[in-house]
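What follows is the content of entry.txt (compact mmCIF, C-alpha atoms).
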```txt
# COMPACT_ATOMS: atom_id res chain seq x y z
CA MET A 22 106.93 109.09 83.29
CA ILE A 23 110.19 107.84 84.78
CA VAL A 24 113.77 108.28 83.59
CA SER A 25 117.02 106.62 84.63
CA SER A 26 120.10 108.30 86.06
CA GLN A 27 121.94 107.41 82.86
CA TRP A 28 119.32 109.17 80.74
CA LEU A 29 119.41 112.28 82.93
CA ASP A 30 123.21 112.48 82.83
CA LYS A 31 123.16 112.33 79.02
CA ASN A 32 120.56 115.12 78.84
CA LEU A 33 121.98 117.56 81.40
CA ASN A 34 122.86 120.09 78.69
CA ASP A 35 119.36 120.25 77.24
CA PRO A 36 118.45 123.97 77.52
CA ASN A 37 114.82 123.12 78.33
CA LEU A 38 115.70 120.68 81.12
CA VAL A 39 114.69 121.66 84.66
CA ILE A 40 115.70 119.36 87.53
CA LEU A 41 113.62 119.71 90.68
CA ASP A 42 114.74 118.43 94.08
CA ALA A 43 111.68 117.53 96.20
CA SER A 44 113.70 116.20 99.14
CA GLU A 45 112.47 116.81 102.68
CA LYS A 46 114.42 116.37 105.90
CA LYS A 47 111.72 114.18 107.43
CA ASN A 48 108.44 112.41 106.69
CA LYS A 49 105.68 110.74 108.64
CA SER A 50 106.89 107.25 107.72
CA GLY A 51 110.08 107.88 109.67
CA ASP A 52 112.37 107.34 106.67
CA LYS A 53 115.55 109.39 106.63
CA ALA A 54 118.18 109.95 103.96
CA GLU A 55 121.77 109.74 105.14
CA LEU A 56 123.15 111.63 102.15
CA GLY A 57 124.02 115.01 103.65
CA GLU A 58 123.15 118.39 102.18
CA ILE A 59 123.84 117.59 98.53
CA GLN A 60 121.84 117.67 95.34
CA ILE A 61 122.17 116.86 91.66
CA LYS A 62 124.19 119.52 89.89
CA GLY A 63 121.88 122.28 88.70
CA ALA A 64 118.84 121.09 90.65
CA ARG A 65 116.31 123.57 92.01
CA TRP A 66 114.65 122.92 95.34
CA PHE A 67 110.89 122.32 95.14
CA ASP A 68 109.61 123.13 98.65
CA LEU A 69 106.64 120.79 98.82
CA GLU A 70 106.02 121.23 102.54
CA ASN A 71 105.67 125.00 102.51
CA THR A 72 105.75 126.83 99.19
CA PHE A 73 103.83 124.25 97.15
CA SER A 74 101.09 123.37 99.65
CA ASP A 75 97.85 125.27 100.18
CA LYS A 76 98.70 127.89 102.81
CA ASN A 77 95.02 128.37 103.68
CA SER A 78 94.36 124.72 104.53
CA LEU A 79 94.81 123.16 107.95
CA LEU A 80 95.53 119.84 106.23
CA PRO A 81 99.09 118.92 105.18
CA HIS A 82 100.32 118.93 101.56
CA MET A 83 97.05 120.08 100.03
CA LEU A 84 97.28 121.10 96.38
CA PRO A 85 97.69 124.89 96.11
CA VAL A 86 95.33 126.95 93.97
CA PRO A 87 96.44 127.06 90.31
CA LYS A 88 97.52 130.72 90.34
CA GLU A 89 99.77 130.23 93.37
CA PHE A 90 101.28 127.11 91.82
CA GLU A 91 101.87 129.02 88.58
CA ASP A 92 103.52 131.98 90.34
CA GLU A 93 105.88 129.80 92.38
CA CYS A 94 106.84 127.72 89.34
CA GLN A 95 107.68 130.88 87.44
CA LYS A 96 109.94 131.96 90.32
CA LEU A 97 111.83 128.67 89.87
CA GLY A 98 112.40 129.52 86.22
CA ILE A 99 109.94 126.90 84.96
CA SER A 100 108.34 127.57 81.58
CA LYS A 101 105.64 126.06 79.40
CA ASN A 102 108.29 124.24 77.35
CA SER A 103 110.33 122.98 80.33
CA LYS A 104 111.26 119.29 80.42
CA ILE A 105 111.00 118.62 84.15
CA VAL A 106 112.71 115.78 86.00
CA ILE A 107 111.84 115.48 89.67
CA TYR A 108 113.66 113.45 92.32
CA ASP A 109 114.04 113.15 96.09
CA ASN A 110 116.67 111.86 98.49
CA LEU A 111 114.73 108.76 99.60
CA GLY A 112 114.81 107.02 96.24
CA THR A 113 111.09 107.37 95.55
CA TYR A 114 108.90 109.11 98.08
CA PHE A 115 108.03 112.78 97.50
CA SER A 116 108.83 112.94 93.78
CA PRO A 117 105.66 111.18 92.51
CA ARG A 118 103.57 113.72 94.44
CA VAL A 119 105.23 116.54 92.52
CA TRP A 120 104.80 114.60 89.25
CA TRP A 121 101.06 114.33 89.97
CA MET A 122 100.80 118.03 90.89
CA PHE A 123 102.26 119.09 87.54
CA LYS A 124 99.98 116.65 85.72
CA ALA A 125 96.98 118.10 87.58
CA MET A 126 98.11 121.57 86.50
CA GLY A 127 98.19 120.46 82.87
CA HIS A 128 101.96 120.13 82.36
CA GLU A 129 102.72 116.93 80.43
CA ASN A 130 106.51 116.99 80.15
CA ILE A 131 107.29 115.80 83.69
CA SER A 132 109.20 112.68 84.76
CA VAL A 133 110.40 111.09 87.99
CA LEU A 134 114.04 110.04 88.38
CA ASP A 135 113.78 106.33 89.12
CA GLY A 136 115.82 105.55 92.23
CA GLY A 137 116.19 109.25 93.02
CA LEU A 138 119.30 110.83 94.50
CA PRO A 139 120.66 107.55 95.97
CA ALA A 140 120.72 105.99 92.48
CA TRP A 141 122.35 109.09 91.01
CA ILE A 142 125.11 109.04 93.64
CA LYS A 143 125.64 105.29 93.28
CA GLN A 144 126.28 105.77 89.58
CA GLY A 145 128.95 108.35 90.40
CA PHE A 146 127.25 111.27 88.68
CA GLU A 147 127.94 114.87 89.66
CA THR A 148 126.44 116.50 92.74
CA GLN A 149 126.81 119.86 94.47
CA PRO A 150 126.09 121.31 97.93
CA VAL A 151 122.47 122.35 98.40
CA LYS A 152 122.16 126.06 97.70
CA GLU A 153 119.43 128.59 97.09
CA GLU A 154 119.52 130.63 93.90
CA LYS A 155 117.47 133.23 92.07
CA TYR A 156 116.26 132.23 88.62
CA HIS A 157 115.19 134.16 85.57
CA PRO A 158 111.35 134.02 85.77
CA GLY A 159 109.72 131.40 83.58
CA ASN A 160 106.41 131.61 81.72
CA PHE A 161 104.78 128.50 83.22
CA LYS A 162 100.99 128.50 83.07
CA SER A 163 98.59 126.37 85.12
CA ASN A 164 95.78 124.64 83.27
CA PHE A 165 94.08 122.91 86.17
CA LEU A 166 92.45 119.55 85.39
CA PRO A 167 89.89 118.89 88.18
CA GLU A 168 89.50 115.21 87.26
CA PHE A 169 92.90 114.55 88.86
CA VAL A 170 91.61 115.45 92.36
CA LYS A 171 88.82 114.11 94.55
CA ASP A 172 87.50 115.69 97.75
CA VAL A 173 85.87 114.32 100.88
CA ASP A 174 82.35 114.71 99.46
CA PHE A 175 83.15 112.48 96.51
CA VAL A 176 84.63 109.80 98.78
CA LYS A 177 81.66 110.04 101.15
CA ASN A 178 79.17 109.65 98.29
CA ASN A 179 81.19 106.75 96.96
CA LEU A 180 80.41 104.76 100.11
CA LEU A 181 76.95 104.18 98.64
CA SER A 182 77.47 104.59 94.90
CA LYS A 183 80.63 102.45 94.78
CA GLU A 184 81.39 104.34 91.58
CA ALA A 185 85.15 104.22 92.21
CA VAL A 186 87.68 101.94 93.91
CA ILE A 187 89.47 103.69 96.79
CA ILE A 188 93.05 102.44 97.16
CA ASP A 189 94.95 103.22 100.37
CA ALA A 190 98.76 103.39 100.17
CA ARG A 191 99.42 103.27 103.93
CA SER A 192 100.99 100.25 105.61
CA ARG A 193 98.84 97.19 106.29
CA GLU A 194 99.18 97.83 110.04
CA ARG A 195 97.79 101.36 109.76
CA PHE A 196 95.09 100.28 107.31
CA ASP A 197 93.92 97.57 109.72
CA GLY A 198 94.04 99.90 112.71
CA MET A 199 96.77 97.83 114.39
CA ALA A 200 99.33 100.65 114.46
CA PRO A 201 98.93 104.21 115.75
CA GLU A 202 98.67 107.05 113.28
CA PRO A 203 101.80 109.24 113.15
CA ARG A 204 99.65 112.38 113.16
CA GLU A 205 98.30 113.07 116.62
CA GLY A 206 94.56 112.95 117.13
CA LEU A 207 93.64 110.82 114.11
CA ARG A 208 91.52 107.70 114.43
CA LYS A 209 92.77 104.27 113.41
CA GLY A 210 91.46 102.22 110.53
CA HIS A 211 90.48 102.92 106.93
CA ILE A 212 87.75 104.29 104.67
CA PRO A 213 84.97 101.65 104.50
CA GLY A 214 85.23 99.53 101.36
CA SER A 215 88.70 100.76 100.44
CA LYS A 216 91.49 98.44 99.30
CA ASN A 217 95.05 98.40 100.61
CA ILE A 218 98.23 98.41 98.54
CA PRO A 219 101.09 99.63 100.75
CA PHE A 220 103.23 101.94 98.63
CA SER A 221 106.31 99.87 99.43
CA THR A 222 104.69 97.00 97.48
CA VAL A 223 105.37 98.70 94.12
CA LEU A 224 108.99 99.63 94.93
CA ASP A 225 112.27 97.74 95.11
CA ASN A 226 115.08 99.64 96.87
CA GLY A 227 113.71 102.99 95.73
CA PHE A 228 113.06 101.87 92.13
CA PHE A 229 109.69 101.01 90.64
CA LYS A 230 109.23 97.29 90.07
CA PRO A 231 109.04 95.97 86.48
CA LYS A 232 105.82 96.55 84.54
CA SER A 233 104.87 92.84 84.69
CA ASP A 234 105.05 92.86 88.51
CA LEU A 235 103.06 96.08 88.77
CA LYS A 236 100.36 94.67 86.49
CA LYS A 237 99.93 91.69 88.81
CA ILE A 238 99.62 93.93 91.86
CA PHE A 239 96.81 96.01 90.38
CA LYS A 240 95.09 93.06 88.74
CA MET A 241 94.43 91.60 92.20
CA LEU A 242 92.06 94.51 92.86
CA GLU A 243 89.83 93.53 89.94
CA PRO A 244 88.83 97.17 89.33
CA GLN A 245 86.91 96.19 86.15
CA GLY A 246 87.16 99.61 84.54
CA LYS A 247 86.05 101.60 87.59
CA PRO A 248 87.85 104.88 88.35
CA LEU A 249 90.69 104.52 90.83
CA VAL A 250 91.03 107.02 93.67
CA PHE A 251 94.32 106.84 95.58
CA SER A 252 94.58 107.81 99.24
CA CYS A 253 97.24 107.62 101.98
CA GLY A 254 98.19 109.64 105.05
CA SER A 255 98.40 113.09 103.46
CA GLY A 256 98.31 112.62 99.70
CA VAL A 257 102.03 111.93 99.16
CA THR A 258 102.50 108.16 98.93
CA ALA A 259 99.12 107.86 97.19
CA CYS A 260 100.90 109.38 94.19
CA ILE A 261 103.49 106.58 94.25
CA LEU A 262 100.67 104.12 93.62
CA LEU A 263 99.10 106.32 90.96
CA LEU A 264 102.39 106.55 89.06
CA ALA A 265 102.89 102.79 89.46
CA SER A 266 99.45 102.19 87.95
CA GLU A 267 100.44 104.37 84.99
CA LEU A 268 103.65 102.38 84.56
CA ALA A 269 101.54 99.20 84.64
CA ASP A 270 99.44 100.66 81.81
CA ILE A 271 96.24 100.52 83.84
CA LYS A 272 93.70 102.40 81.71
CA ASN A 273 91.16 103.24 84.44
CA GLN A 274 90.59 106.90 85.23
CA LYS A 275 92.85 107.86 88.14
CA SER A 276 92.80 110.59 90.78
CA VAL A 277 94.01 111.36 94.30
CA TYR A 278 91.88 112.00 97.37
CA ASP A 279 93.91 115.02 98.39
CA GLY A 280 92.74 115.20 102.02
CA SER A 281 93.44 111.48 102.53
CA TRP A 282 93.56 110.07 106.06
CA ALA A 283 94.68 113.41 107.51
CA GLU A 284 91.12 114.55 106.74
CA TRP A 285 89.05 111.35 106.93
CA GLY A 286 90.70 110.14 110.13
CA GLN A 287 89.83 113.21 112.16
CA PRO A 288 87.36 112.75 115.02
CA GLY A 289 83.83 113.18 113.68
CA SER A 290 81.03 111.50 111.79
CA LEU A 291 82.94 110.02 108.87
CA PRO A 292 82.73 106.21 109.14
CA VAL A 293 85.85 104.13 109.77
CA GLU A 294 86.52 100.40 109.37
CA GLN A 295 89.21 98.40 111.17
```
Show me the file's structure as structure tokens.
Amino acid sequence: MIVSSQWLDKNLNDPNLVILDASEKKNKSGDKAELGEIQIKGARWFDLENTFSDKNSLLPHMLPVPKEFEDECQKLGISKNSKIVIYDNLGTYFSPRVWWMFKAMGHENISVLDGGLPAWIKQGFETQPVKEEKYHPGNFKSNFLPEFVKDVDFVKNNLLSKEAVIIDARSRERFDGMAPEPREGLRKGHIPGSKNIPFSTVLDNGFFKPKSDLKKIFKMLEPQGKPLVFSCGSGVTACILLLASELADIKNQKSVYDGSWAEWGQPGSLPVEQ
């Protein structure tokens, strides 16, 4: 699920290894990477914002349809037997989203570089200027697993059924409606009955916290075997929590509410708590 910079450096010559760079120049949390236009040697840019988001949705970062995901992966030279390592330039921010996308498309051999590009650079490993390249097409195939994704209807029905625990990865201030939403026009607050674990809680300087610490964080929710549905602003940092719950060996069924607050927080009839 996660690999270290040392592991990646030792495996750079593996012919099946594909390194994906999911870095973005900006995000809604306001975090910025002061690393310049560099990437890990041999990395291929995974354009989450544009290429790998549903072009027909008005919501940000929505999971593309399986065929589009498959076609774009093949263009990046990704194959069915590829060993994928994904990272970003903020330590851990966008990379877990990409990890979850591949898992949802049925690809098991996918890992996140713990600590991301900052950790790689700190260790003195080789980088190169960011550049675009053409790759020999891969034979990647999507095998979409719908249980990895939840939509607004499921979350709405869950208000009464309480079948699942909804976990919100946004900051406590946004969850409580004390801070404005970074996306214009969205209401403040949270999905009624949802729990809050700010994504920063499971990280330490861009690295995931130890398994014992992560176990304590999720144990406080007392999910008691219920499915866990992770939400956030637009489905990105929700995946940080989902990956953290995997690292903590939480056995509950897990999925992401893909529309997240970008959908639920729009003006309308969906109920909001503050």
Check: Leaving out range 232-238 of chain A and any residue of its chain fewer than 3 positions from it, which residues lie within 8 Å of it when counting all atoms listed in the file, given as number ranges by chain?
Finding: A: 223, 241-242, 265-266, 268-271
Give me a file of those residues, with C-alpha atoms, as a short mmCIF file (atom, residue, chain, number, x, y, z; two decimals), keeping the file's coordinate frame.
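The resulting file, part.cif, is shown below:
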```cif
data_model
loop_
_atom_site.label_atom_id
_atom_site.label_comp_id
_atom_site.auth_asym_id
_atom_site.auth_seq_id
_atom_site.Cartn_x
_atom_site.Cartn_y
_atom_site.Cartn_z
CA VAL A 223 105.37 98.70 94.12
CA MET A 241 94.43 91.60 92.20
CA LEU A 242 92.06 94.51 92.86
CA ALA A 265 102.89 102.79 89.46
CA SER A 266 99.45 102.19 87.95
CA LEU A 268 103.65 102.38 84.56
CA ALA A 269 101.54 99.20 84.64
CA ASP A 270 99.44 100.66 81.81
CA ILE A 271 96.24 100.52 83.84
#
```
Notebook entry, point to check: Excluding same-chain residues fewer than 3 positions from Trp120 in chain A, what lies within 9 Å of it counting only C-alpha atoms, as a ChimeraX atom specification?
Noted result: /A:22,105-107,116-117,123-125,131-133,260,264
Check: Any idea what the distance is between CA of Asn273 in chain A and CA of Glu243 in chain A?
Finding: 11.2 Å
Notebook entry, point to check: Which protein, DNA or RNA residues have an atom at most 7 Å from (94.6, 104.1, 97.3), counting all atoms listed in the file? List them as a ChimeraX atom specification.
Noted result: /A:187-190,216-218,250-253,259
Next item on the list: For His82 in chain A, please output as an NGL selection string all residues within 8 Å (counting all atoms listed in the file; exclusion window: fewer than 3 positions along the same chain).
Entry: :A and (69-70 or 73-75 or 255-257)
Notebook entry, point to check: What does the distance from CA of Lys76 in chain A to CA of Leu180 in chain A come to in Å, to one decimal?
Noted result: 29.6 Å
Checklist line | Contacts of Asp279 in chain A at 8 Å (all atoms listed in the file; same-chain gap of 2+ positions) as an NGL selection string | finding: :A and (83-84 or 170-172 or 252 or 255-256 or 277 or 281)
Next item on the list: Starting from the point (113.1, 129.9, 82.5), work out which residues of protein, DNA or RNA have an atom no more than 8 Å away when counting all atoms listed in the file; state them as a PyMOL selection string.
Entry: chain A and resi 95+97-100+103+156-160
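Straight-line separation from CA of Leu33 in chain A to CA of Thr148 in chain A: 12.2 Å.
Distances to Lys230 in chain A were evaluated for A:Ile261, A:Leu29, A:Leu181, A:Ile212 using all atoms listed in the file, and the minimum falls at A:Ile261.
Residues in contact with Arg204 in chain A at 10 Å, where all atoms listed in the file are counted and same-chain residues fewer than 6 positions away are skipped, are listed as Lys49, Gly254, Ser255, Trp282, Ala283, Gly286 and Gln287 of chain A.
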Next item on the list: Identify which of the residues A:Leu41, A:Ile61, A:Leu249, A:Leu207 lies closest to Ala185 in chain A, counting all atoms listed in the file when measuring atom-to-atom distances.
Entry: A:Leu249
Checklist line | Which residue of A:Val24, A:Val39, A:Asn32, A:Ala64 approaches Glu154 in chain A most closely, using all atoms listed in the file | finding: A:Ala64
Report as JSON the centre and the edge lengths, in Å to one decimal, of the axis-aligned box holding every listed atom of range 186-202 of chain A, padded by 5 Å on each side.
```
{"center_x": 94.3, "center_y": 102.1, "center_z": 104.8, "size_x": 23.3, "size_y": 19.9, "size_z": 31.8}
```
Checklist line | Given all atoms listed in the file as the counted atoms, nearest of A:Pro219, A:Gly210, A:Pro248, A:Gly127 to Val176 in chain A | finding: A:Pro248
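Comparing the minimum interatomic distances between Thr113 in chain A and each of A:Pro292, A:Gly280, A:Gly227, A:Pro213, counting only C-alpha atoms, we find that A:Gly227 sits nearest.
With all atoms listed in the file as the atoms that count, the minimum distance from Lys31 in chain A to the choices A:Gly206, A:Val293, A:Glu147, A:Lys275 is reached by A:Glu147.
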